[in-house]
>>> print(open('my_file_32.txt').read())   # compact mmCIF, C-alpha atoms and all ligand atoms
# COMPACT_ATOMS: atom_id res chain seq x y z
CA MET A 1446 -1.13 -6.12 24.50
CA SER A 1447 2.61 -5.93 24.09
CA ILE A 1448 5.40 -8.41 24.45
CA GLU A 1449 8.91 -7.73 25.62
CA ILE A 1450 11.79 -9.42 23.90
CA TRP A 1451 15.39 -8.70 23.07
CA GLU A 1452 15.40 -7.66 19.51
CA SER A 1453 18.43 -7.29 17.32
CA SER A 1454 18.10 -4.52 14.83
CA PRO A 1455 17.74 -6.20 11.43
CA ARG A 1456 20.28 -4.03 9.68
CA ASP A 1457 22.75 -3.77 12.51
CA LYS A 1458 22.97 -7.08 14.27
CA LYS A 1459 25.72 -5.85 16.61
CA SER A 1460 23.48 -3.39 18.43
CA TYR A 1461 21.13 -5.16 20.77
CA GLY A 1462 18.56 -3.36 22.81
CA ALA A 1463 15.43 -4.13 24.72
CA ILE A 1464 12.56 -2.98 22.57
CA LYS A 1465 8.96 -3.27 23.54
CA LEU A 1466 7.25 -4.53 20.45
CA GLN A 1467 3.58 -3.94 20.05
CA GLU A 1468 1.63 -7.00 18.95
CA LEU A 1469 0.27 -4.72 16.25
CA ASN A 1470 3.68 -4.34 14.64
CA LYS A 1471 4.23 -8.05 14.34
CA PRO A 1472 4.36 -9.22 10.76
CA LYS A 1473 1.21 -11.09 9.83
CA THR A 1474 0.32 -13.21 6.85
CA GLY A 1475 0.41 -10.87 3.88
CA SER A 1476 2.84 -8.39 5.45
CA LEU A 1477 5.56 -7.15 3.16
CA VAL A 1478 9.04 -7.76 4.54
CA LEU A 1479 12.63 -7.09 3.52
CA PRO A 1480 15.69 -9.26 4.13
CA GLY A 1481 16.70 -8.99 7.78
CA ASP A 1482 13.24 -8.01 8.98
CA TRP A 1483 12.21 -9.54 12.26
CA LEU A 1484 9.42 -12.10 11.97
CA GLY A 1485 9.18 -13.52 15.47
CA VAL A 1486 10.87 -15.93 17.83
CA ILE A 1487 11.63 -19.61 17.45
CA GLU A 1488 9.13 -20.47 20.23
CA GLU A 1489 6.33 -19.22 17.99
CA PHE A 1490 7.18 -20.98 14.76
CA THR A 1491 9.88 -22.81 12.87
CA PRO A 1492 11.60 -20.94 10.08
CA GLY A 1493 10.55 -22.05 6.59
CA GLU A 1494 11.69 -20.99 3.15
CA GLY A 1495 12.67 -17.35 2.75
CA THR A 1496 13.59 -17.06 6.44
CA TYR A 1497 16.48 -17.80 8.77
CA GLU A 1498 17.01 -18.10 12.50
CA GLU A 1499 19.68 -16.47 14.57
CA ASN A 1500 19.88 -16.57 18.37
CA GLY A 1501 16.31 -17.78 18.59
CA ILE A 1502 14.94 -15.00 16.40
CA VAL A 1503 13.45 -15.60 12.97
CA TYR A 1504 14.24 -13.13 10.17
CA ALA A 1505 13.24 -12.78 6.55
CA SER A 1506 15.99 -13.72 4.11
CA SER A 1507 14.23 -12.40 1.01
CA ILE A 1508 11.86 -9.66 -0.06
CA GLY A 1509 8.34 -10.99 -0.01
CA ARG A 1510 5.06 -11.57 1.70
CA VAL A 1511 4.83 -13.37 5.03
CA LEU A 1512 2.88 -16.62 5.15
CA ILE A 1513 2.22 -17.97 8.63
CA ASP A 1514 0.96 -21.53 8.93
CA ASN A 1515 -0.72 -21.61 12.33
CA ILE A 1516 -1.31 -25.35 12.26
CA GLU A 1517 2.23 -26.38 11.36
CA LYS A 1518 3.60 -23.42 13.38
CA ARG A 1519 5.81 -22.43 10.47
CA VAL A 1520 6.64 -19.09 8.90
CA LYS A 1521 7.65 -18.58 5.27
CA VAL A 1522 8.38 -15.60 3.08
CA ILE A 1523 6.99 -15.91 -0.44
CA PRO A 1524 9.45 -13.98 -2.60
CA ILE A 1525 8.39 -11.14 -4.83
CA GLU A 1526 10.30 -9.41 -7.54
CA ALA A 1527 12.55 -6.90 -5.86
CA ARG A 1528 12.76 -4.42 -8.71
CA ALA A 1529 8.97 -3.97 -8.74
CA LEU A 1530 8.66 -3.36 -5.01
CA PRO A 1531 7.11 0.05 -4.32
CA ARG A 1532 9.41 2.03 -2.04
CA LYS A 1533 8.70 4.97 0.20
CA GLY A 1534 8.59 8.13 -1.93
CA ASP A 1535 7.80 6.32 -5.18
CA ILE A 1536 5.10 7.65 -7.47
CA VAL A 1537 2.73 4.87 -8.52
CA LEU A 1538 -0.29 4.46 -10.75
CA ALA A 1539 -3.20 2.67 -9.17
CA LYS A 1540 -6.85 1.85 -9.68
CA VAL A 1541 -9.38 2.46 -6.91
CA THR A 1542 -11.10 -0.83 -6.08
CA GLN A 1543 -13.15 -0.03 -2.99
CA ILE A 1544 -13.85 2.84 -0.64
CA ASN A 1545 -15.32 3.25 2.81
CA LYS A 1546 -15.71 6.17 5.18
CA MET A 1547 -12.03 6.38 6.10
CA LEU A 1548 -10.12 4.29 3.58
CA THR A 1549 -9.62 3.94 -0.14
CA PHE A 1550 -8.32 0.60 -1.36
CA VAL A 1551 -6.36 0.46 -4.59
CA ASP A 1552 -4.49 -1.93 -6.83
CA ILE A 1553 -1.06 -0.54 -7.60
CA ALA A 1554 -0.46 -1.31 -11.26
CA ARG A 1555 2.67 0.65 -12.14
CA VAL A 1556 5.79 1.40 -10.11
CA ARG A 1557 8.68 3.53 -11.37
CA GLY A 1558 7.30 3.28 -14.91
CA GLN A 1559 7.09 -0.51 -14.78
CA ASN A 1560 3.74 -2.27 -15.18
CA LEU A 1561 3.21 -5.02 -12.65
CA ALA A 1562 1.94 -8.47 -13.58
CA ASN A 1563 0.55 -8.85 -10.07
CA PRO A 1564 -0.63 -5.59 -8.54
CA PHE A 1565 0.18 -4.64 -4.98
CA SER A 1566 -2.65 -3.71 -2.66
CA GLY A 1567 -2.52 -0.18 -1.35
CA VAL A 1568 -4.57 2.02 0.92
CA ILE A 1569 -5.13 5.76 1.29
CA HIS A 1570 -6.40 7.11 4.57
CA ILE A 1571 -8.93 9.94 4.26
CA SER A 1572 -6.42 12.34 5.87
CA GLN A 1573 -3.93 11.56 3.08
CA ILE A 1574 -6.25 12.30 0.15
CA SER A 1575 -5.84 16.07 0.03
CA THR A 1576 -4.13 18.92 1.84
CA GLY A 1577 -7.65 20.31 2.30
CA TYR A 1578 -10.39 18.78 4.40
CA VAL A 1579 -12.21 15.81 2.92
CA GLU A 1580 -15.46 14.96 4.67
CA ASN A 1581 -16.30 11.77 2.79
CA THR A 1582 -13.95 9.57 0.85
CA SER A 1583 -16.55 9.40 -1.94
CA ASP A 1584 -16.26 13.19 -2.45
CA ALA A 1585 -12.70 12.67 -3.64
CA LEU A 1586 -12.17 9.14 -4.93
CA LYS A 1587 -14.43 6.52 -6.46
CA PRO A 1588 -14.03 2.87 -7.45
CA GLY A 1589 -12.69 2.61 -11.00
CA ASP A 1590 -10.73 5.88 -10.83
CA ILE A 1591 -7.14 5.74 -12.03
CA ILE A 1592 -4.93 7.70 -9.68
CA ARG A 1593 -1.35 8.82 -9.32
CA ALA A 1594 -0.14 8.52 -5.73
CA ARG A 1595 3.00 8.56 -3.63
CA VAL A 1596 4.10 5.74 -1.34
CA VAL A 1597 4.31 6.91 2.29
CA GLU A 1598 4.90 3.51 3.89
CA GLU A 1599 5.72 0.26 2.15
CA LYS A 1600 5.73 -2.11 5.09
CA GLY A 1601 2.75 -3.97 6.44
CA GLU A 1602 -0.07 -5.75 4.71
CA LEU A 1603 -1.10 -2.78 2.60
CA ILE A 1604 1.15 -0.17 1.06
CA GLN A 1605 0.12 3.25 2.36
CA LEU A 1606 -0.28 6.01 -0.19
CA THR A 1607 -1.02 9.71 -0.35
CA THR A 1608 -2.61 11.87 -3.06
CA ALA A 1609 -2.16 15.12 -1.11
CA GLU A 1610 0.02 16.86 -3.70
CA LYS A 1611 -0.92 19.02 -6.69
CA ASN A 1612 0.12 16.49 -9.32
CA LEU A 1613 -1.36 13.55 -7.40
CA GLY A 1614 -4.91 12.29 -7.41
CA VAL A 1615 -7.31 11.16 -10.09
CA ILE A 1616 -5.89 11.21 -13.63
CA TYR A 1617 -8.70 9.32 -15.34
CA ALA A 1618 -12.29 8.68 -14.31
CA THR A 1619 -15.47 7.46 -15.93
CA CYS A 1620 -19.12 8.27 -15.31
CA SER A 1621 -20.80 5.97 -12.81
CA ASN A 1622 -24.05 6.15 -14.82
CA CYS A 1623 -22.96 5.62 -18.41
CA GLY A 1624 -19.24 4.79 -18.31
CA ALA A 1625 -18.17 7.73 -20.49
CA GLU A 1626 -14.88 9.40 -19.69
CA LEU A 1627 -15.42 12.37 -17.40
CA GLU A 1628 -14.20 15.76 -18.53
CA ARG A 1629 -12.59 18.25 -16.23
CA ARG A 1630 -14.25 21.63 -15.80
CA GLY A 1631 -12.48 23.65 -13.16
CA ASN A 1632 -12.51 21.67 -9.96
CA PHE A 1633 -15.24 19.28 -11.10
CA LEU A 1634 -15.60 16.35 -13.44
CA TYR A 1635 -18.53 16.25 -15.86
CA CYS A 1636 -20.12 13.62 -18.02
CA ASN A 1637 -20.98 15.12 -21.40
CA ASP A 1638 -23.45 12.32 -22.10
CA CYS A 1639 -25.64 12.32 -19.01
CA GLU A 1640 -24.52 15.57 -17.40
CA GLU A 1641 -23.48 13.96 -14.17
CA LYS A 1642 -21.23 16.20 -12.14
CA GLY A 1643 -18.72 14.74 -9.74
CA THR A 1644 -16.10 15.91 -7.29
CA ARG A 1645 -12.68 14.33 -7.10
CA LYS A 1646 -9.20 14.96 -5.79
CA ILE A 1647 -8.05 15.77 -9.31
CA ALA A 1648 -4.40 15.63 -10.35
CA SER A 1649 -3.24 18.83 -12.05
CA ASP A 1650 -2.87 17.04 -15.40
CA TYR A 1651 -6.21 15.23 -15.35
CA GLY A 1652 -7.32 14.24 -18.84
CA LYS A 1653 -3.90 14.90 -20.36
CA VAL A 1654 -2.22 11.72 -19.22
CA LYS A 1655 -1.61 8.79 -21.52
CA ILE A 1656 -2.20 5.71 -19.38
ZN ZN A 1701 -22.60 9.66 -17.93
>>> encode(input="my_file_32.txt", output="C-alpha cells")
Amino acid sequence: MSIEIWESSPRDKKSYGAIKLQELNKPKTGSLVLPGDWLGVIEEFTPGEGTYEENGIVYASSIGRVLIDNIEKRVKVIPIEARALPRKGDIVLAKVTQINKMLTFVDIARVRGQNLANPFSGVIHISQISTGYVENTSDALKPGDIIRARVVEEKGELIQLTTAEKNLGVIYATCSNCGAELERRGNFLYCNDCEEKGTRKIASDYGKVKI
C-alpha cells in the first residue's frame, strides 16, 4: 500500500515535489532519523519532543530514534549522541548476537574507534557477507563472533552492514563446544582443545587484532 502526499525534501525545503511514499519507508518506532527527516503528517500524530511541524508535515529536529505513541497519537525523537552515530561507509566493530537463514543480527560496539556505551543494532543480509556465494549464514558467521564490518545504510530500524571485503569479517571467534579461542588455519578456524573445525567469513587479519 502506498500513500500520496506532497513532501518537501528535508534538506532543501524550497523544492517541493509529489513523491509517492511507500508505507514501508515510513519511519517506525525505533527508526534512526536525522534532523529534517520526514516523520509523517499532522493528521497522523502531534509533534512531540525532538520534532517540529511545518506546513502540516512533521520532521525530526534532532538525531535519534523515533518513538510513536499510538494511543496519544504523538511522535517523539529520542536523541542519541551524534558523534557516535554510525554513518554510511564507516568501519565498525560488532558482536554477532543472532543468526537466521538470511540475516545476521549484531550489536555495534565501536564506531570510528569510539566504544559505545549503548550499542546500535545492525543487520547483515546473507548477500552482503561475502563476495562469494554463501549458502547458509551459519557457514560464515556465528553468534558470539566479533566482526569488522562496513555500514552500507544507516537509516531505518537496523543499521545495514556488509562484510564482503578482504579485511572485513570475523576477527575473533571462540569454539562453540569449549569456548577456547579458535585458531586460523588457511580458510578455516580450528579449536586446538576439541579439534572442532569451523568455517567463517574471516577477515584477513584474523587472530592478529587487539580488541
Ligand atoms: Zn573447542
>>> residues_near_ligand(input="my_file_32.txt", ligand="ligand ZN 1701 (chain A)", cutoff="10 Å", atoms="all atoms listed in the file", output="number ranges by chain")
A: 1619-1627, 1635-1642
>>> residues_around(input="my_file_32.txt", residues="segment 1548-1550 of chain A", least_positions_apart="2", cutoff="8 Å", atoms="only C-alpha atoms", output="ChimeraX atom specification")
/A:1541-1546,1552,1566-1571,1582,1586
>>> closest_residue(input="my_file_32.txt", among="A:Leu1530, A:Ala1505, A:Val1520, A:Leu1512", to="Glu1599 of chain A", atoms="all atoms listed in the file")
A:Leu1530
>>> closest_residue(input="my_file_32.txt", among="A:Asp1590, A:Glu1488, A:Asp1482, A:Glu1628", to="Arg1510 of chain A", atoms="only C-alpha atoms")
A:Asp1482
>>> closest_residue(input="my_file_32.txt", among="A:Arg1593, A:Lys1611, A:Arg1630, A:Arg1532", to="Val1478 of chain A", atoms="all atoms listed in the file")
A:Arg1532
>>> atom_distance(input="my_file_32.txt", atom1="atom CA of Thr1496 of chain A", atom2="atom CA of Gly1475 of chain A")
14.8 Å
>>> closest_residue(input="my_file_32.txt", among="A:Arg1629, A:Lys1655, A:Lys1540, A:Arg1557", to="Ile1591 of chain A", atoms="all atoms listed in the file")
A:Lys1540
>>> closest_residue(input="my_file_32.txt", among="A:Asn1500, A:Thr1608, A:Asn1563, A:Thr1491", to="Val1579 of chain A", atoms="all atoms listed in the file")
A:Thr1608
>>> residues_around(input="my_file_32.txt", residues="Asn1632 of chain A", least_positions_apart="6", cutoff="9 Å", atoms="all atoms listed in the file", output="tab-separated table (two decimals) with C-alpha atoms, keeping the file's coordinate frame")
chain	number	residue	atom	x	y	z
A	1644	THR	CA	-16.10	15.91	-7.29
A	1645	ARG	CA	-12.68	14.33	-7.10
A	1646	LYS	CA	-9.20	14.96	-5.79
A	1647	ILE	CA	-8.05	15.77	-9.31
